[in-house]
>>> print(open('target08.txt').read())   # compact mmCIF, C-alpha atoms
# COMPACT_ATOMS: atom_id res chain seq x y z
CA MET D 244 -8.53 -16.08 8.94
CA ALA D 245 -12.03 -14.74 9.38
CA GLY D 246 -12.66 -12.35 12.24
CA GLN D 247 -9.95 -9.90 11.19
CA LEU D 248 -12.15 -6.81 11.26
CA LEU D 249 -12.22 -5.08 14.63
CA SER D 250 -14.46 -2.48 16.25
CA SER D 251 -13.51 1.02 17.37
CA ALA D 252 -15.48 4.12 18.29
CA ASP D 253 -12.92 6.48 16.74
CA LEU D 254 -9.50 5.36 15.53
CA SER D 255 -8.03 8.83 16.05
CA THR D 256 -8.59 8.45 19.80
CA VAL D 257 -6.79 5.10 19.92
CA HIS D 258 -3.66 5.65 17.80
CA ASP D 259 -0.87 8.18 18.32
CA ARG D 260 0.54 8.05 14.78
CA VAL D 261 -1.10 7.54 11.39
CA LEU D 262 1.00 6.25 8.49
CA LEU D 263 -0.70 7.43 5.30
CA ASP D 264 -0.15 6.18 1.79
CA LEU D 265 -0.49 9.01 -0.72
CA ASP D 266 -2.01 8.12 -4.10
CA GLY D 267 -5.51 6.75 -3.53
CA VAL D 268 -5.58 7.80 0.14
CA VAL D 269 -4.60 11.49 0.40
CA TYR D 270 -4.98 12.43 -3.26
CA LEU D 271 -6.01 10.79 -6.52
CA LEU D 272 -4.56 11.81 -9.87
CA GLY D 273 -3.05 14.87 -8.21
CA GLU D 274 -6.19 16.18 -6.53
CA PRO D 275 -7.02 15.82 -2.81
CA ILE D 276 -9.59 13.15 -2.01
CA ALA D 277 -12.74 14.59 -0.49
CA GLY D 278 -12.31 15.00 3.26
CA ALA D 279 -8.57 14.26 3.29
CA PRO D 280 -7.31 17.76 4.20
CA GLU D 281 -9.97 18.12 6.91
CA THR D 282 -9.23 14.68 8.38
CA ILE D 283 -5.49 15.24 8.45
CA GLY D 284 -6.04 18.64 10.07
CA ALA D 285 -8.30 17.10 12.71
CA LEU D 286 -5.67 14.44 13.47
CA ARG D 287 -3.04 17.11 14.04
CA ASP D 288 -5.42 19.09 16.25
CA ARG D 289 -5.85 16.01 18.44
CA GLY D 290 -2.10 15.56 18.75
CA VAL D 291 -1.93 12.53 16.46
CA ALA D 292 1.34 12.47 14.51
CA VAL D 293 1.03 12.06 10.73
CA ARG D 294 3.55 10.38 8.46
CA PHE D 295 3.24 10.14 4.69
CA VAL D 296 4.64 6.79 3.55
CA THR D 297 5.03 6.26 -0.18
CA ASN D 298 6.48 3.64 -2.52
CA ASN D 299 7.08 6.38 -5.09
CA ALA D 300 10.86 6.73 -5.38
CA SER D 301 10.83 9.43 -8.07
CA ARG D 302 10.48 12.39 -5.65
CA ARG D 303 12.56 13.46 -2.68
CA ALA D 304 10.83 13.95 0.66
CA GLU D 305 11.04 17.73 0.27
CA ALA D 306 9.29 17.55 -3.10
CA VAL D 307 6.54 15.34 -1.66
CA ALA D 308 6.00 17.80 1.19
CA ASP D 309 5.86 20.72 -1.25
CA LEU D 310 3.31 18.87 -3.38
CA LEU D 311 1.11 18.20 -0.35
CA CYS D 312 1.31 21.83 0.73
CA SER D 313 0.28 22.93 -2.76
CA LYS D 314 -2.85 20.75 -2.38
CA GLY D 315 -3.83 22.41 0.90
CA ILE D 316 -2.32 19.73 3.15
CA PRO D 317 0.45 21.17 5.34
CA ALA D 318 3.41 18.81 5.46
CA ASP D 319 7.07 18.86 6.36
CA ALA D 320 9.83 16.79 4.74
CA ASN D 321 10.49 15.15 8.11
CA GLU D 322 6.98 13.71 7.94
CA VAL D 323 7.64 11.95 4.63
CA ALA D 324 9.12 8.46 4.25
CA THR D 325 9.88 7.26 0.72
CA SER D 326 11.03 3.95 -0.70
CA ALA D 327 14.09 5.76 -2.09
CA GLN D 328 15.15 6.64 1.47
CA ALA D 329 14.52 3.06 2.60
CA ALA D 330 16.55 1.67 -0.30
CA ALA D 331 19.44 4.00 0.49
CA GLY D 332 19.37 2.83 4.10
CA LEU D 333 19.50 -0.82 3.06
CA LEU D 334 22.41 -0.18 0.69
CA LYS D 335 24.36 1.75 3.31
CA GLN D 336 24.18 -1.33 5.57
CA ARG D 337 25.41 -3.68 2.86
CA CYS D 338 27.90 -1.69 0.77
CA SER D 339 31.35 -0.44 1.67
CA GLN D 340 31.81 3.17 2.72
CA ASP D 341 31.69 5.38 -0.38
CA GLY D 342 30.72 2.33 -2.44
CA LYS D 343 29.56 2.75 -6.02
CA VAL D 344 25.92 1.91 -6.85
CA LEU D 345 24.36 1.93 -10.31
CA VAL D 346 21.13 3.94 -10.21
CA LEU D 347 18.25 2.84 -12.42
CA GLY D 348 15.75 5.55 -11.54
CA SER D 349 15.28 9.22 -10.82
CA ASP D 350 17.66 11.93 -9.66
CA ALA D 351 15.83 11.83 -6.32
CA LEU D 352 16.95 8.22 -5.83
CA ALA D 353 20.55 9.14 -6.68
CA GLU D 354 20.44 12.02 -4.19
CA GLU D 355 19.29 9.70 -1.40
CA LEU D 356 22.33 7.48 -2.02
CA ASP D 357 24.60 10.51 -1.89
CA ASN D 358 22.98 11.52 1.40
CA VAL D 359 24.07 8.27 3.07
CA GLY D 360 27.65 8.44 1.75
CA LEU D 361 27.39 6.17 -1.29
CA GLN D 362 28.47 7.04 -4.84
CA PRO D 363 25.57 6.97 -7.29
CA VAL D 364 26.68 5.87 -10.75
CA ARG D 365 24.71 6.65 -13.91
CA ASN D 366 27.18 5.48 -16.54
CA THR D 367 29.54 2.55 -16.06
CA ARG D 368 31.77 3.23 -19.08
CA ASN D 369 34.44 4.90 -16.96
CA VAL D 370 34.14 2.50 -14.01
CA GLN D 371 36.53 -0.40 -13.57
CA ALA D 372 35.10 -3.93 -13.69
CA GLY D 373 33.91 -5.04 -10.27
CA GLU D 374 33.84 -1.52 -8.80
CA VAL D 375 30.05 -1.24 -8.79
CA GLU D 376 28.84 -3.10 -5.71
CA ALA D 377 25.10 -2.83 -6.21
CA VAL D 378 22.25 -1.91 -8.52
CA VAL D 379 19.30 0.05 -7.15
CA GLN D 380 16.15 0.19 -9.23
CA GLY D 381 13.34 2.70 -8.79
CA PHE D 382 10.81 4.24 -11.14
CA GLY D 383 12.12 6.82 -13.58
CA PRO D 384 10.19 7.97 -16.66
CA ASP D 385 13.42 8.47 -18.64
CA LEU D 386 14.83 4.95 -18.17
CA ARG D 387 15.96 3.36 -21.43
CA TRP D 388 16.52 -0.19 -22.61
CA ALA D 389 20.27 0.45 -22.38
CA ASP D 390 19.93 1.29 -18.67
CA LEU D 391 18.05 -1.92 -17.95
CA ALA D 392 20.57 -3.90 -19.97
CA GLU D 393 23.50 -2.46 -18.00
CA GLY D 394 21.75 -3.33 -14.77
CA ALA D 395 21.18 -6.89 -15.94
CA VAL D 396 24.86 -7.29 -16.81
CA LEU D 397 25.99 -6.11 -13.37
CA ILE D 398 23.43 -8.24 -11.54
CA ARG D 399 24.51 -11.36 -13.43
CA SER D 400 28.12 -10.57 -12.50
CA GLY D 401 27.21 -10.62 -8.79
CA ALA D 402 26.18 -7.08 -7.88
CA LEU D 403 23.62 -6.72 -5.10
CA TRP D 404 20.18 -5.86 -6.54
CA VAL D 405 17.83 -3.65 -4.52
CA ALA D 406 14.41 -2.54 -5.78
CA THR D 407 12.72 0.45 -4.19
CA ASN D 408 9.33 -1.21 -4.76
CA THR D 409 7.62 -3.75 -6.99
CA ASP D 410 4.28 -2.05 -7.73
CA LEU D 411 3.31 -3.35 -11.17
CA THR D 412 1.18 -0.32 -12.01
CA MET D 413 0.90 3.38 -11.23
CA PRO D 414 -2.18 5.63 -11.64
CA SER D 415 -2.44 8.37 -14.24
CA PRO D 416 -5.22 10.47 -15.80
CA ARG D 417 -5.14 7.98 -18.70
CA GLY D 418 -5.56 4.95 -16.44
CA LEU D 419 -3.05 2.52 -14.93
CA LEU D 420 0.44 2.66 -16.43
CA PRO D 421 3.46 0.34 -15.99
CA GLY D 422 5.08 0.87 -12.61
CA ASN D 423 8.52 0.06 -11.22
CA GLY D 424 7.53 -3.54 -10.64
CA THR D 425 7.00 -4.02 -14.36
CA LEU D 426 10.55 -2.84 -15.08
CA VAL D 427 11.89 -4.96 -12.23
CA ALA D 428 10.15 -7.96 -13.82
CA THR D 429 11.89 -7.16 -17.11
CA ILE D 430 15.34 -7.47 -15.55
CA ALA D 431 14.22 -10.49 -13.52
CA ALA D 432 13.24 -12.27 -16.73
CA ALA D 433 16.69 -11.51 -18.17
CA VAL D 434 18.75 -12.59 -15.14
CA GLY D 435 16.55 -15.46 -13.95
CA ARG D 436 15.92 -14.22 -10.41
CA ARG D 437 14.16 -11.60 -8.33
CA PRO D 438 15.83 -8.66 -6.50
CA ASP D 439 17.90 -9.48 -3.44
CA LEU D 440 16.01 -6.86 -1.41
CA VAL D 441 12.86 -4.76 -1.80
CA ALA D 442 12.82 -1.58 0.28
CA GLY D 443 9.20 -0.45 -0.07
CA LYS D 444 5.83 -1.92 0.77
CA PRO D 445 4.88 -4.76 1.24
CA GLN D 446 8.21 -5.22 3.03
CA ARG D 447 8.38 -3.75 6.52
CA THR D 448 11.50 -1.57 6.12
CA LEU D 449 9.60 1.58 5.16
CA PHE D 450 7.16 1.23 8.06
CA ASP D 451 9.91 0.48 10.58
CA THR D 452 11.43 3.87 9.79
CA ALA D 453 8.10 5.73 9.91
CA ILE D 454 6.92 4.34 13.27
CA HIS D 455 10.03 5.33 15.22
CA GLY D 456 8.90 6.84 18.53
CA ALA D 457 5.23 5.85 18.23
CA SER D 458 3.53 3.48 20.66
CA MET D 459 0.20 2.88 18.82
CA PRO D 460 0.61 3.52 15.07
CA ILE D 461 -1.90 2.57 12.37
CA VAL D 462 -1.47 2.24 8.60
CA VAL D 463 -3.96 3.66 6.07
CA GLY D 464 -3.76 2.41 2.50
CA ASP D 465 -5.77 1.72 -0.64
CA ARG D 466 -3.88 -1.36 -1.85
CA TRP D 467 -4.21 -4.58 0.10
CA ASP D 468 -1.22 -6.20 -1.64
CA THR D 469 1.26 -3.46 -0.68
CA ASP D 470 -0.10 -1.13 2.02
CA ILE D 471 -2.05 -3.69 4.04
CA ALA D 472 0.31 -6.61 3.45
CA GLY D 473 3.16 -4.32 4.47
CA ALA D 474 1.33 -3.38 7.65
CA ALA D 475 0.87 -7.07 8.41
CA ALA D 476 4.60 -7.69 7.84
CA ALA D 477 5.37 -4.87 10.30
CA GLU D 478 2.74 -6.21 12.75
CA LEU D 479 0.70 -3.01 12.56
CA PRO D 480 -3.10 -2.56 12.38
CA ALA D 481 -4.42 -1.18 9.11
CA LEU D 482 -7.37 0.68 7.63
CA LEU D 483 -8.14 -0.17 3.99
CA VAL D 484 -9.89 2.63 2.10
CA LEU D 485 -11.90 2.26 -1.11
CA SER D 486 -10.90 5.62 -2.60
CA GLY D 487 -8.07 4.23 -4.70
CA ALA D 488 -6.97 0.91 -6.17
CA THR D 489 -9.13 -1.63 -4.30
CA ALA D 490 -12.77 -2.14 -5.27
CA PRO D 491 -15.36 -3.71 -2.91
CA ALA D 492 -15.47 -6.94 -4.94
CA GLU D 493 -11.72 -7.33 -4.48
CA VAL D 494 -12.04 -6.93 -0.71
CA LEU D 495 -14.03 -10.17 -0.58
CA ARG D 496 -11.08 -12.02 -2.12
CA ILE D 497 -8.21 -10.67 -0.02
CA PRO D 498 -6.11 -13.65 1.12
CA ASP D 499 -5.28 -14.42 4.71
CA GLY D 500 -2.24 -12.46 5.86
CA SER D 501 -3.12 -9.34 3.85
CA ARG D 502 -6.47 -8.42 5.39
CA PRO D 503 -7.13 -5.11 7.15
CA GLN D 504 -8.49 -4.65 10.65
CA TYR D 505 -10.74 -1.79 9.46
CA LEU D 506 -12.58 -0.76 6.28
CA ALA D 507 -13.74 2.70 5.18
CA HIS D 508 -14.74 4.52 2.02
CA THR D 509 -12.08 7.20 2.52
CA ILE D 510 -9.49 8.48 4.97
CA ALA D 511 -12.39 10.06 6.89
CA GLY D 512 -12.88 6.56 8.30
CA LEU D 513 -10.20 7.45 10.83
CA ARG D 514 -12.87 9.52 12.60
CA GLU D 515 -15.86 7.18 12.13
CA VAL D 516 -17.41 4.49 14.28
CA HIS D 517 -16.34 0.98 13.32
CA PRO D 518 -18.99 -1.34 14.76
CA GLU D 519 -18.22 -4.85 15.91
CA VAL D 520 -18.43 -7.70 13.43
CA THR D 521 -19.88 -10.91 14.88
CA VAL D 522 -18.95 -14.09 13.04
CA ASP D 523 -20.82 -17.39 13.40
CA ALA D 524 -18.49 -19.89 11.76
CA ALA D 525 -20.84 -22.83 12.13
CA ALA D 526 -23.69 -20.97 10.43
CA GLU D 527 -21.30 -19.35 7.92
CA MET D 528 -22.73 -15.96 8.79
CA ALA D 529 -21.47 -12.51 9.82
CA LEU D 530 -23.33 -9.60 11.42
CA CYS D 531 -22.33 -5.93 11.41
CA GLY D 532 -24.21 -2.66 11.96
CA GLY D 533 -27.68 -3.94 11.09
CA TRP D 534 -26.55 -6.24 8.29
CA LYS D 535 -26.43 -10.03 8.04
CA ALA D 536 -24.27 -11.75 5.43
CA ARG D 537 -24.64 -15.51 5.05
CA VAL D 538 -23.15 -18.06 2.73
CA ASP D 539 -25.19 -20.58 0.77
CA GLY D 540 -23.09 -22.79 -1.46
CA GLU D 541 -20.91 -20.44 -3.48
CA ASP D 542 -23.17 -17.41 -3.08
CA LEU D 543 -23.37 -14.64 -0.49
CA TYR D 544 -26.72 -13.27 0.68
CA LEU D 545 -27.10 -9.83 2.27
CA ASP D 546 -30.05 -8.90 4.46
CA GLY D 547 -30.79 -5.95 6.76
CA ASN D 548 -30.17 -2.22 6.58
CA GLY D 549 -27.62 0.41 7.55
CA ARG D 550 -24.43 1.91 6.16
CA SER D 551 -22.91 0.45 3.02
CA ILE D 552 -19.45 0.14 4.60
CA ASP D 553 -20.90 -1.99 7.41
CA ALA D 554 -22.57 -4.20 4.80
CA LEU D 555 -19.19 -4.69 3.16
CA ARG D 556 -17.63 -5.54 6.53
CA ALA D 557 -20.23 -8.27 7.08
CA LEU D 558 -19.87 -9.58 3.53
CA SER D 559 -16.09 -9.63 3.79
CA GLU D 560 -16.06 -11.68 6.98
CA ALA D 561 -18.51 -14.20 5.53
CA ALA D 562 -16.51 -14.49 2.31
CA TRP D 563 -13.18 -14.82 4.13
CA LEU D 564 -14.62 -17.50 6.38
CA VAL D 565 -15.59 -19.70 3.45
CA ASN D 566 -12.52 -18.91 1.37
CA ASP D 567 -10.24 -19.93 4.25
CA ARG D 568 -12.15 -23.14 4.77
CA SER D 569 -11.97 -24.08 1.11
CA GLY D 570 -8.50 -22.77 0.41
CA LYS D 571 -9.83 -20.75 -2.53
CA THR D 572 -10.39 -17.03 -3.11
CA GLU D 573 -13.33 -17.19 -5.51
CA VAL D 574 -15.91 -19.15 -3.51
CA ALA D 575 -18.26 -16.25 -2.80
CA ALA D 576 -18.52 -15.26 -6.44
CA ASP D 577 -22.05 -13.82 -6.43
CA VAL D 578 -23.66 -11.53 -3.86
CA ARG D 579 -27.46 -11.51 -3.74
CA ALA D 580 -29.82 -9.11 -1.98
CA VAL D 581 -32.56 -10.42 0.29
CA ASN D 582 -34.41 -7.08 0.59
CA ASP D 583 -34.66 -3.71 -1.16
CA GLU D 584 -32.25 -2.01 1.23
CA ALA D 585 -29.63 -4.66 0.50
CA ALA D 586 -30.20 -4.31 -3.24
CA GLY D 587 -29.54 -0.57 -3.03
CA VAL D 588 -26.35 -1.04 -1.07
CA LEU D 589 -25.07 -3.72 -3.43
CA ARG D 590 -25.61 -1.33 -6.34
CA GLU D 591 -23.68 1.36 -4.45
CA LEU D 592 -20.82 -1.07 -3.88
CA SER D 593 -20.98 -2.44 -7.45
CA LEU D 594 -21.58 -5.93 -6.05
CA GLY D 595 -24.12 -8.61 -6.68
CA SER D 596 -26.47 -9.78 -9.35
>>> encode(input="target08.txt", output="structure tokens")
Amino acid sequence: MAGQLLSSADLSTVHDRVLLDLDGVVYLLGEPIAGAPETIGALRDRGVAVRFVTNNASRRAEAVADLLCSKGIPADANEVATSAQAAAGLLKQRCSQDGKVLVLGSDALAEELDNVGLQPVRNTRNVQAGEVEAVVQGFGPDLRWADLAEGAVLIRSGALWVATNTDLTMPSPRGLLPGNGTLVATIAAAVGRRPDLVAGKPQRTLFDTAIHGASMPIVVGDRWDTDIAGAAAAELPALLVLSGATAPAEVLRIPDGSRPQYLAHTIAGLREVHPEVTVDAAAEMALCGGWKARVDGEDLYLDGNGRSIDALRALSEAAWLVNDRSGKTEVAADVRAVNDEAAGVLRELSLGS
């Protein structure tokens, strides 16, 4: 529904734990995002606990912590929660003690199974029929067609199927590449169904583990369909940042149930003022930080002045209001500037005509 965006003077003074996605939030293509190390350091100085929560199942928590440290962001393995850990936890609950599980993924995923007392299996040639209780699937760059085929055979024979995550793409210096979700979809097409369980975002399992002991946690992510939808599933507030996968134009089309409570350009938004958004449903208008966004037919009009992120907050509320009313997500297709200040901001946000 419209009216999702909230106001806050400084999120770091409200929340006692911050759950940070990695790629697109803390770093991008292996390099820290501007302001990320300083923001994380300031959070720690204020006594705010930090947890790094990632759908990437190809690295163990220790490796993730080492990578962060190498980028100038101090981190400990205990502060890292991965979808591989979450998948191992789900399998431990559903498999017999010392049960065999076929691993379609990295060595890190296999090690997480071993840590919870399960037997990771890489090759089923020497395993008796029916001995493998489950198939766990996580991203691994060395997966072959034969691996996927073996998984499909076991799944069709009744093995439990757990996916670490279903992200269709993953970032790289060459652009977006196929992610684990693409390979999951390959097996799904072959067996005629989806996985029995998904451990990572947008499911809540990963967040449930990361919030243990916190009273006021908040999620920070760059993908509305995984990070923010996962926060909603876990009933947690969320800050959506524009430093990764989600562009401003996409924010206007986020469906109900996956919308953030806060918007920011980067993780530094955890220490910024988030002004109140006032929504006038009858007038199909939203006000925020000196900006007015109004709807006229299928177009959005922006008027006023101020920060670009506040303009996007106003535009988002106006767009969501109309999209919810119509049941569509493409109503506010064009954004038009009423004054020069608005025109400049729309150019900055790559919006409008």
>>> atom_distance(input="target08.txt", atom1="CA of Gln328 (chain D)", atom2="CA of Ser400 (chain D)")
25.7 Å
>>> residues_around(input="target08.txt", residues="Ser313 (chain D)", least_positions_apart="3", cutoff="12 Å", atoms="only C-alpha atoms", output="VMD selection string")
chain D and resid 270 273 to 275 280 306 to 310 316 to 318
>>> residues_around(input="target08.txt", residues="region 261-267 of chain D", least_positions_apart="3", cutoff="6 Å", atoms="all atoms listed in the file", output="ChimeraX atom specification")
/D:270-271,293-297,460-465,486-487
>>> atom_distance(input="target08.txt", atom1="CA of Ala490 (chain D)", atom2="CA of Leu440 (chain D)")
29.4 Å
>>> atom_distance(input="target08.txt", atom1="CA of Leu564 (chain D)", atom2="CA of Ala507 (chain D)")
20.3 Å
>>> axis_aligned_box(input="target08.txt", around="region 502-511 of chain D", padding_each_side="4 Å", output="AutoDock Vina command-line options")
--center_x -10.6 --center_y 0.8 --center_z 6.3 --size_x 16.3 --size_y 26.5 --size_z 16.6
>>> closest_residue(input="target08.txt", among="D:Gly532, D:Pro498, D:Gly424, D:Gly512", to="Gln247 (chain D)", atoms="all atoms listed in the file")
D:Pro498
>>> closest_residue(input="target08.txt", among="D:Leu449, D:Ile398, D:Ala377, D:Leu386", to="Ala477 (chain D)", atoms="all atoms listed in the file")
D:Leu449
>>> residues_around(input="target08.txt", residues="Leu558 (chain D)", least_positions_apart="5", cutoff="9 Å", atoms="all atoms listed in the file", output="PyMOL selection string")
chain D and resi 495+528-530+534-537+543-545+553+563+578
>>> write_last_selection(input="target08.txt", atoms="C-alpha atoms", output="short mmCIF file (atom, residue, chain, number, x, y, z; two decimals), in the frame of the given file")
data_model
loop_
_atom_site.label_atom_id
_atom_site.label_comp_id
_atom_site.auth_asym_id
_atom_site.auth_seq_id
_atom_site.Cartn_x
_atom_site.Cartn_y
_atom_site.Cartn_z
CA LEU D 495 -14.03 -10.17 -0.58
CA MET D 528 -22.73 -15.96 8.79
CA ALA D 529 -21.47 -12.51 9.82
CA LEU D 530 -23.33 -9.60 11.42
CA TRP D 534 -26.55 -6.24 8.29
CA LYS D 535 -26.43 -10.03 8.04
CA ALA D 536 -24.27 -11.75 5.43
CA ARG D 537 -24.64 -15.51 5.05
CA LEU D 543 -23.37 -14.64 -0.49
CA TYR D 544 -26.72 -13.27 0.68
CA LEU D 545 -27.10 -9.83 2.27
CA ASP D 553 -20.90 -1.99 7.41
CA TRP D 563 -13.18 -14.82 4.13
CA VAL D 578 -23.66 -11.53 -3.86
#
>>> closest_residue(input="target08.txt", among="D:Ser415, D:Thr282, D:Asn423, D:Ser255", to="Ala488 (chain D)", atoms="only C-alpha atoms")
D:Ser415
>>> residues_around(input="target08.txt", residues="region 514-526 of chain D", least_positions_apart="6", cutoff="9 Å", atoms="all atoms listed in the file", output="list in words")
Ala245, Gly246, Leu248, Leu249, Ser250, Ser251, Ala252, Asp253, Leu254, Ser255, Thr256, Thr282, Ala285, Leu286, Tyr505, Leu506, Ala507, Gly532, Arg537, Val538, Asp553, Arg556, Ala557, Glu560, Ala561, Leu564 and Val565 of chain D
>>> closest_residue(input="target08.txt", among="D:Leu592, D:Leu479, D:Ala586, D:Ala562", to="Gly547 (chain D)", atoms="all atoms listed in the file")
D:Ala586
>>> decode(input="target08.txt", residues="region 336-353 of chain D", atoms="N, CA, C and O atoms", output="PDB file, in the first residue's frame")
ATOM      1  N   GLN D 336      17.342 -30.230  10.212  1.00  0.00           N
ATOM      2  CA  GLN D 336      16.018 -30.416  10.816  1.00  0.00           C
ATOM      3  C   GLN D 336      15.208 -31.507  10.121  1.00  0.00           C
ATOM      4  O   GLN D 336      14.342 -32.125  10.734  1.00  0.00           O
ATOM      5  N   ARG D 337      15.501 -31.741   8.841  1.00  0.00           N
ATOM      6  CA  ARG D 337      14.636 -32.613   8.044  1.00  0.00           C
ATOM      7  C   ARG D 337      15.267 -33.930   7.623  1.00  0.00           C
ATOM      8  O   ARG D 337      14.568 -34.812   7.117  1.00  0.00           O
ATOM      9  N   CYS D 338      16.559 -34.084   7.812  1.00  0.00           N
ATOM     10  CA  CYS D 338      17.243 -35.326   7.449  1.00  0.00           C
ATOM     11  C   CYS D 338      17.600 -36.115   8.701  1.00  0.00           C
ATOM     12  O   CYS D 338      17.662 -35.565   9.807  1.00  0.00           O
ATOM     13  N   SER D 339      17.849 -37.407   8.515  1.00  0.00           N
ATOM     14  CA  SER D 339      18.259 -38.230   9.647  1.00  0.00           C
ATOM     15  C   SER D 339      19.684 -37.869  10.061  1.00  0.00           C
ATOM     16  O   SER D 339      20.434 -37.266   9.295  1.00  0.00           O
ATOM     17  N   GLN D 340      20.042 -38.240  11.282  1.00  0.00           N
ATOM     18  CA  GLN D 340      21.391 -37.961  11.754  1.00  0.00           C
ATOM     19  C   GLN D 340      22.398 -38.658  10.843  1.00  0.00           C
ATOM     20  O   GLN D 340      22.241 -39.834  10.512  1.00  0.00           O
ATOM     21  N   ASP D 341      23.406 -37.909  10.408  1.00  0.00           N
ATOM     22  CA  ASP D 341      24.435 -38.438   9.513  1.00  0.00           C
ATOM     23  C   ASP D 341      23.875 -38.789   8.135  1.00  0.00           C
ATOM     24  O   ASP D 341      24.444 -39.602   7.406  1.00  0.00           O
ATOM     25  N   GLY D 342      22.746 -38.156   7.769  1.00  0.00           N
ATOM     26  CA  GLY D 342      22.127 -38.434   6.489  1.00  0.00           C
ATOM     27  C   GLY D 342      22.962 -37.944   5.321  1.00  0.00           C
ATOM     28  O   GLY D 342      23.717 -36.975   5.433  1.00  0.00           O
ATOM     29  N   LYS D 343      22.814 -38.625   4.189  1.00  0.00           N
ATOM     30  CA  LYS D 343      23.576 -38.261   2.992  1.00  0.00           C
ATOM     31  C   LYS D 343      22.804 -37.229   2.167  1.00  0.00           C
ATOM     32  O   LYS D 343      21.592 -37.373   1.946  1.00  0.00           O
ATOM     33  N   VAL D 344      23.526 -36.199   1.701  1.00  0.00           N
ATOM     34  CA  VAL D 344      22.930 -35.115   0.925  1.00  0.00           C
ATOM     35  C   VAL D 344      23.804 -34.850  -0.299  1.00  0.00           C
ATOM     36  O   VAL D 344      25.022 -34.610  -0.159  1.00  0.00           O
ATOM     37  N   LEU D 345      23.205 -34.917  -1.483  1.00  0.00           N
ATOM     38  CA  LEU D 345      23.947 -34.582  -2.693  1.00  0.00           C
ATOM     39  C   LEU D 345      24.155 -33.075  -2.755  1.00  0.00           C
ATOM     40  O   LEU D 345      23.199 -32.303  -2.642  1.00  0.00           O
ATOM     41  N   VAL D 346      25.390 -32.646  -2.952  1.00  0.00           N
ATOM     42  CA  VAL D 346      25.741 -31.235  -2.998  1.00  0.00           C
ATOM     43  C   VAL D 346      25.938 -30.801  -4.445  1.00  0.00           C
ATOM     44  O   VAL D 346      26.835 -31.291  -5.135  1.00  0.00           O
ATOM     45  N   LEU D 347      25.102 -29.884  -4.897  1.00  0.00           N
ATOM     46  CA  LEU D 347      25.280 -29.226  -6.187  1.00  0.00           C
ATOM     47  C   LEU D 347      25.721 -27.805  -5.872  1.00  0.00           C
ATOM     48  O   LEU D 347      24.900 -26.910  -5.682  1.00  0.00           O
ATOM     49  N   GLY D 348      27.027 -27.593  -5.760  1.00  0.00           N
ATOM     50  CA  GLY D 348      27.519 -26.278  -5.356  1.00  0.00           C
ATOM     51  C   GLY D 348      28.979 -26.339  -4.966  1.00  0.00           C
ATOM     52  O   GLY D 348      29.712 -27.254  -5.349  1.00  0.00           O
ATOM     53  N   SER D 349      29.378 -25.386  -4.143  1.00  0.00           N
ATOM     54  CA  SER D 349      30.791 -25.206  -3.809  1.00  0.00           C
ATOM     55  C   SER D 349      31.230 -26.096  -2.651  1.00  0.00           C
ATOM     56  O   SER D 349      30.417 -26.698  -1.943  1.00  0.00           O
ATOM     57  N   ASP D 350      32.538 -26.134  -2.437  1.00  0.00           N
ATOM     58  CA  ASP D 350      33.083 -26.842  -1.275  1.00  0.00           C
ATOM     59  C   ASP D 350      32.604 -26.198   0.017  1.00  0.00           C
ATOM     60  O   ASP D 350      32.431 -26.875   1.033  1.00  0.00           O
ATOM     61  N   ALA D 351      32.400 -24.867  -0.009  1.00  0.00           N
ATOM     62  CA  ALA D 351      31.917 -24.181   1.194  1.00  0.00           C
ATOM     63  C   ALA D 351      30.562 -24.719   1.614  1.00  0.00           C
ATOM     64  O   ALA D 351      30.291 -24.897   2.814  1.00  0.00           O
ATOM     65  N   LEU D 352      29.684 -24.985   0.658  1.00  0.00           N
ATOM     66  CA  LEU D 352      28.367 -25.540   0.962  1.00  0.00           C
ATOM     67  C   LEU D 352      28.504 -26.937   1.552  1.00  0.00           C
ATOM     68  O   LEU D 352      27.841 -27.277   2.547  1.00  0.00           O
ATOM     69  N   ALA D 353      29.378 -27.751   0.982  1.00  0.00           N
ATOM     70  CA  ALA D 353      29.602 -29.099   1.514  1.00  0.00           C
ATOM     71  C   ALA D 353      30.134 -29.041   2.941  1.00  0.00           C
ATOM     72  O   ALA D 353      29.724 -29.838   3.808  1.00  0.00           O
TER      73      ALA D 353
END
